[in-house]
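The data block below is start.cif; it holds mmCIF, C-alpha atoms.
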data_target
loop_
_atom_site.label_atom_id
_atom_site.label_comp_id
_atom_site.auth_asym_id
_atom_site.auth_seq_id
_atom_site.Cartn_x
_atom_site.Cartn_y
_atom_site.Cartn_z
CA MET A 17 -14.19 -43.49 -63.55
CA PHE A 18 -13.19 -46.43 -61.40
CA GLY A 19 -15.24 -49.33 -60.04
CA ASN A 20 -18.62 -47.83 -61.06
CA THR A 21 -20.65 -47.32 -64.25
CA SER A 22 -21.95 -43.94 -63.10
CA SER A 23 -19.94 -40.77 -62.64
CA PRO A 24 -18.22 -40.39 -59.25
CA LEU A 25 -19.74 -36.90 -59.08
CA GLU A 26 -23.21 -38.52 -58.99
CA ALA A 27 -22.42 -40.19 -55.66
CA SER A 28 -23.88 -38.91 -52.39
CA VAL A 29 -22.11 -37.78 -49.23
CA LEU A 30 -23.57 -37.99 -45.73
CA VAL A 31 -23.07 -34.81 -43.70
CA LEU A 32 -22.74 -34.87 -39.91
CA ASN A 33 -22.98 -31.96 -37.52
CA LYS A 34 -20.25 -31.20 -35.00
CA MET A 35 -21.68 -33.84 -32.63
CA PHE A 36 -21.46 -36.57 -35.33
CA MET A 37 -25.25 -36.56 -35.90
CA ALA A 38 -26.49 -36.95 -39.49
CA VAL A 39 -28.09 -33.77 -40.81
CA HIS A 40 -27.96 -33.78 -44.63
CA VAL A 41 -27.12 -35.72 -47.77
CA ILE A 42 -25.31 -33.67 -50.40
CA ALA A 43 -23.64 -34.03 -53.78
CA VAL A 44 -19.91 -34.72 -54.13
CA ARG A 45 -19.17 -31.28 -55.61
CA ARG A 46 -20.68 -29.55 -52.58
CA ALA A 47 -18.76 -31.82 -50.22
CA PHE A 48 -15.42 -30.92 -51.82
CA ILE A 49 -16.25 -27.20 -51.63
CA LEU A 50 -16.88 -27.53 -47.89
CA LEU A 51 -13.62 -29.44 -47.47
CA CYS A 52 -11.59 -26.93 -49.48
CA LYS A 53 -12.97 -24.06 -47.40
CA ASP A 54 -12.06 -25.90 -44.16
CA LEU A 55 -15.72 -25.93 -43.15
CA ALA A 56 -15.76 -29.73 -42.93
CA GLU A 57 -13.54 -32.75 -42.49
CA VAL A 58 -13.70 -36.28 -43.87
CA VAL A 59 -14.83 -39.05 -41.52
CA SER A 60 -13.36 -42.38 -42.65
CA LEU A 61 -13.93 -45.88 -41.24
CA GLU A 62 -10.59 -47.65 -40.80
CA ASP A 63 -10.22 -51.01 -39.04
CA GLY A 64 -13.45 -50.47 -37.12
CA GLN A 65 -12.42 -46.98 -35.97
CA PHE A 66 -13.34 -43.57 -37.36
CA ALA A 67 -10.53 -41.24 -38.41
CA THR A 68 -10.90 -37.61 -39.51
CA TYR A 69 -8.97 -35.72 -42.19
CA ASN A 70 -8.90 -32.18 -43.52
CA PHE A 71 -8.68 -31.65 -47.28
CA VAL A 72 -4.88 -31.68 -47.42
CA THR A 73 -4.43 -34.87 -45.39
CA TRP A 74 -7.35 -36.57 -47.21
CA ARG A 75 -5.64 -35.85 -50.52
CA GLU A 76 -2.46 -37.48 -49.19
CA VAL A 77 -4.40 -40.51 -47.94
CA SER A 78 -6.16 -40.74 -51.30
CA GLU A 79 -2.86 -40.85 -53.19
CA PHE A 80 -1.68 -43.73 -51.00
CA ARG A 81 -4.97 -45.63 -51.32
CA ALA A 82 -5.06 -45.15 -55.08
CA LYS A 83 -1.77 -47.04 -55.32
CA HIS A 84 -2.31 -49.73 -52.67
CA PHE A 85 -5.93 -50.05 -51.45
CA ARG A 86 -8.28 -49.34 -54.35
CA GLN A 87 -11.68 -50.98 -53.68
CA GLU A 88 -14.34 -51.79 -56.27
CA GLU A 89 -17.03 -49.74 -54.51
CA ASP A 90 -14.81 -46.65 -54.17
CA ASP A 91 -15.30 -43.55 -56.32
CA TRP A 92 -12.39 -41.39 -57.47
CA VAL A 93 -12.16 -37.88 -58.86
CA ARG A 94 -9.20 -37.10 -61.10
CA THR A 95 -7.48 -33.71 -60.79
CA ALA A 96 -4.71 -32.31 -62.98
CA ASN A 97 -2.01 -34.23 -61.13
CA ALA A 98 -3.69 -36.65 -58.72
CA GLU A 99 -6.71 -38.76 -57.84
CA ILE A 100 -8.83 -37.98 -54.79
CA GLN A 101 -11.15 -40.55 -53.26
CA VAL A 102 -14.75 -39.42 -52.92
CA PRO A 103 -15.56 -39.31 -49.19
CA ARG A 104 -18.70 -41.09 -48.02
CA VAL A 105 -19.09 -39.08 -44.80
CA ILE A 106 -18.02 -35.57 -43.84
CA ARG A 107 -18.43 -33.64 -40.58
CA LEU A 108 -19.17 -29.93 -40.34
CA THR A 109 -16.67 -28.51 -37.86
CA SER A 110 -18.82 -25.70 -36.48
CA TYR A 111 -22.44 -26.71 -37.15
CA GLU A 112 -24.20 -27.82 -33.94
CA LYS A 113 -27.91 -27.70 -34.85
CA ILE A 114 -29.99 -30.80 -34.11
CA PRO A 115 -31.49 -32.47 -37.22
CA LYS A 116 -35.20 -32.07 -37.85
CA HIS A 117 -37.51 -35.05 -37.39
CA THR A 118 -39.77 -34.51 -40.39
CA VAL A 119 -39.89 -36.60 -43.57
CA LYS A 120 -41.48 -34.86 -46.54
CA PHE A 121 -44.65 -36.46 -47.85
CA ASN A 122 -43.96 -36.58 -51.58
CA ARG A 123 -43.99 -38.97 -54.54
CA ARG A 124 -40.27 -39.70 -54.41
CA ASN A 125 -40.33 -40.65 -50.72
CA ILE A 126 -43.42 -42.83 -51.12
CA PHE A 127 -41.80 -44.75 -53.98
CA ALA A 128 -38.62 -45.09 -51.90
CA ARG A 129 -40.54 -46.22 -48.79
CA ASP A 130 -42.27 -48.91 -50.83
CA ASN A 131 -39.00 -49.76 -52.61
CA ASN A 132 -40.57 -49.19 -56.07
CA GLN A 133 -42.76 -52.21 -55.36
CA CYS A 134 -46.48 -52.39 -56.08
CA GLN A 135 -48.14 -52.84 -52.70
CA TYR A 136 -50.86 -55.02 -54.21
CA CYS A 137 -49.12 -57.51 -56.53
CA GLY A 138 -45.65 -57.22 -54.95
CA LYS A 139 -43.78 -56.72 -58.23
CA ARG A 140 -41.06 -54.08 -58.65
CA TYR A 141 -41.21 -51.61 -61.50
CA ALA A 142 -39.38 -48.59 -62.88
CA MET A 143 -40.72 -45.33 -61.44
CA SER A 144 -42.18 -44.44 -64.84
CA GLU A 145 -44.38 -47.55 -64.63
CA LEU A 146 -45.71 -46.83 -61.15
CA SER A 147 -48.49 -44.66 -59.77
CA LEU A 148 -49.81 -43.68 -56.35
CA ASP A 149 -53.02 -45.16 -54.99
CA HIS A 150 -55.26 -43.96 -52.17
CA ILE A 151 -56.21 -47.08 -50.20
CA VAL A 152 -59.47 -45.45 -49.17
CA PRO A 153 -60.34 -43.43 -52.29
CA ARG A 154 -60.59 -39.67 -51.99
CA SER A 155 -64.14 -39.95 -53.29
CA GLN A 156 -64.90 -41.85 -50.07
CA GLY A 157 -63.12 -39.41 -47.79
CA GLY A 158 -59.65 -40.95 -47.98
CA GLU A 159 -56.80 -38.62 -47.02
CA SER A 160 -53.50 -38.00 -48.75
CA SER A 161 -51.33 -39.33 -45.92
CA TRP A 162 -48.51 -41.80 -45.31
CA GLU A 163 -51.04 -44.30 -43.97
CA ASN A 164 -53.44 -44.06 -46.92
CA VAL A 165 -51.20 -43.70 -50.00
CA VAL A 166 -49.15 -46.54 -51.48
CA CYS A 167 -47.10 -47.33 -54.55
CA SER A 168 -49.11 -49.23 -57.16
CA CYS A 169 -48.50 -50.54 -60.66
CA ILE A 170 -50.79 -49.28 -63.40
CA ASP A 171 -52.62 -52.62 -63.80
CA CYS A 172 -53.42 -52.92 -60.08
CA ASN A 173 -54.47 -49.29 -59.90
CA VAL A 174 -56.87 -49.75 -62.81
CA ARG A 175 -58.19 -53.01 -61.37
CA LYS A 176 -58.83 -51.44 -57.98
CA GLY A 177 -60.44 -48.34 -59.47
CA GLY A 178 -62.42 -46.19 -57.05
CA ARG A 179 -62.92 -49.00 -54.55
CA THR A 180 -61.28 -49.99 -51.28
CA PRO A 181 -58.99 -53.03 -51.38
CA LYS A 182 -61.66 -55.05 -49.55
CA HIS A 183 -64.33 -54.26 -52.11
CA ALA A 184 -61.88 -54.92 -54.95
CA HIS A 185 -60.81 -58.24 -53.33
CA MET A 186 -57.19 -57.07 -53.23
CA GLY A 187 -54.78 -57.23 -50.31
CA LEU A 188 -51.82 -55.04 -49.35
CA ILE A 189 -48.45 -56.74 -48.97
CA ARG A 190 -47.63 -54.53 -45.98
CA ARG A 191 -49.30 -51.89 -43.86
CA PRO A 192 -48.21 -48.38 -44.91
CA GLU A 193 -46.64 -46.19 -42.21
CA LYS A 194 -44.87 -42.87 -41.95
CA PRO A 195 -41.10 -43.48 -42.13
CA LYS A 196 -38.98 -42.48 -39.14
CA ARG A 197 -36.28 -41.18 -41.47
CA SER A 198 -35.87 -40.41 -45.14
CA PRO A 199 -36.76 -43.51 -47.20
CA MET A 200 -34.14 -42.47 -49.74
CA LEU A 201 -31.47 -43.07 -47.11
CA ASN A 202 -32.69 -46.62 -46.55
CA LEU A 203 -32.13 -47.28 -50.24
CA LYS A 204 -28.69 -45.67 -50.12
CA HIS A 205 -27.18 -47.38 -47.11
CA SER A 206 -28.45 -50.79 -48.21
CA SER A 207 -25.76 -50.46 -50.92
CA LYS A 208 -22.26 -51.68 -50.13
CA LYS A 209 -20.94 -48.31 -51.29
CA TYR A 210 -22.67 -46.54 -48.40
CA GLN A 211 -22.13 -49.05 -45.58
CA SER A 212 -20.12 -46.47 -43.61
CA TRP A 213 -23.38 -44.49 -43.20
CA LYS A 214 -24.94 -47.26 -41.14
CA THR A 215 -23.36 -46.28 -37.82
CA PHE A 216 -24.77 -42.77 -38.10
CA LEU A 217 -28.24 -43.78 -39.30
CA ASP A 218 -29.18 -46.75 -37.12
CA ASN A 219 -30.39 -44.54 -34.28
CA ALA A 220 -34.02 -43.58 -35.02
CA TYR A 221 -33.35 -40.27 -33.25
CA TRP A 222 -31.31 -39.16 -36.24
CA SER A 223 -33.55 -37.93 -39.05
CA VAL A 224 -31.96 -36.76 -42.25
CA GLY A 225 -33.29 -34.26 -44.78
CA LEU A 226 -32.34 -34.59 -48.43
CA LYS A 227 -30.98 -31.51 -50.15
#

Mind converting the file's structure to structure tokens?
Amino acid sequence: MFGNTSSPLEASVLVLNKMFMAVHVIAVRRAFILLCKDLAEVVSLEDGQFATYNFVTWREVSEFRAKHFRQEEDDWVRTANAEIQVPRVIRLTSYEKIPKHTVKFNRRNIFARDNNQCQYCGKRYAMSELSLDHIVPRSQGGESSWENVVCSCIDCNVRKGGRTPKHAHMGLIRRPEKPKRSPMLNLKHSSKKYQSWKTFLDNAYWSVGLK
């Protein structure tokens, strides 16, 4: 392992379609399989320009970088006789489908949207210390929707009980909305490690599904 406390194989790779539109996020193992089968190529940001490499040329570039341009945020996978840099972005060479625009309504995405932050007291907690709260309780006709469910700490959830925030004299730190793209991606590309994703994710037209 180099430059990170977690395994390089735990990193994520952004997948683009043939038109350079983001379509998936996959694990490193899957990315290398696609590269080895010549189904994808690496997209690398170099001096403000994007360069593409197949598996063979990426391995050669990796060997050079390992000796001369090793960065703290880079991940490396060791083979029997070399080190290969984990790519951050790959492009499928024959996949042209347009990405879907849906974001799944689930616990993980709600926590990610709210950044693991209680929407009442504003404090951040581990996921195990958080719960979901219906702003308008289900007992009062509240729906399970992006606009009515927020991340809440246990204490605030208990304090609010089966009341609305108004009746419980509690305020929300922000108005909940349906995300335009996967909240998990917002958490990812806020990290220095995934800054090369930014170009492909800034356009709200591009919606990415997690696999």

(message) Please determine, counting all atoms listed in the file, which residue among A:Leu55, A:Ile100, A:Cys134, A:Ala43 has the shortest atom-to-atom distance to A:Thr73.
(response)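 Among the listed residues, A:Ile100 lies closest to A:Thr73.
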
(request) Spell out the residues picked by the PyMOL selection byres ((chain A and resi 94) around 12) here, as an MDAnalysis selection string. (result) chainID A and resid 17:18 23:25 75 78:79 82 91:93 95:102

(request) Name the residues captured by the PyMOL selection byres ((chain A and resi 147) around 9) when it is applied to the shown file; answer as a ChimeraX atom specification. (result) /A:123,127,134,143-146,148-149,166-170,173

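Going from atom CA of A:Arg124 to atom CA of A:Met37 covers 24.0 Å.
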
(request) Tell me, in Å to one decimal, how far atom CA of A:Ala128 is from atom CA of A:Glu159. (result)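 Rounded to one decimal, the two atoms are 19.9 Å apart.
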
(request) May I ask which of the residues A:Val58, A:Ala184, A:Val29, A:Val165 is the closest one to A:Arg104, counting all atoms listed in the file? (result)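 Result for the nearest residue to A:Arg104: A:Val29.
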
(request) Evaluate the PyMOL selection byres ((chain A and resi 195) around 9) on the structure here and hand back the selected residues as a PyMOL selection string. (result) chain A and resi 119+129+162+193-194+196-199

(request) Tell me, in Å to one decimal, how far atom CA of A:Lys53 is from atom CA of A:Val39. (result)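 Atom-to-atom, atom CA of A:Lys53 to atom CA of A:Val39, that is 19.1 Å.
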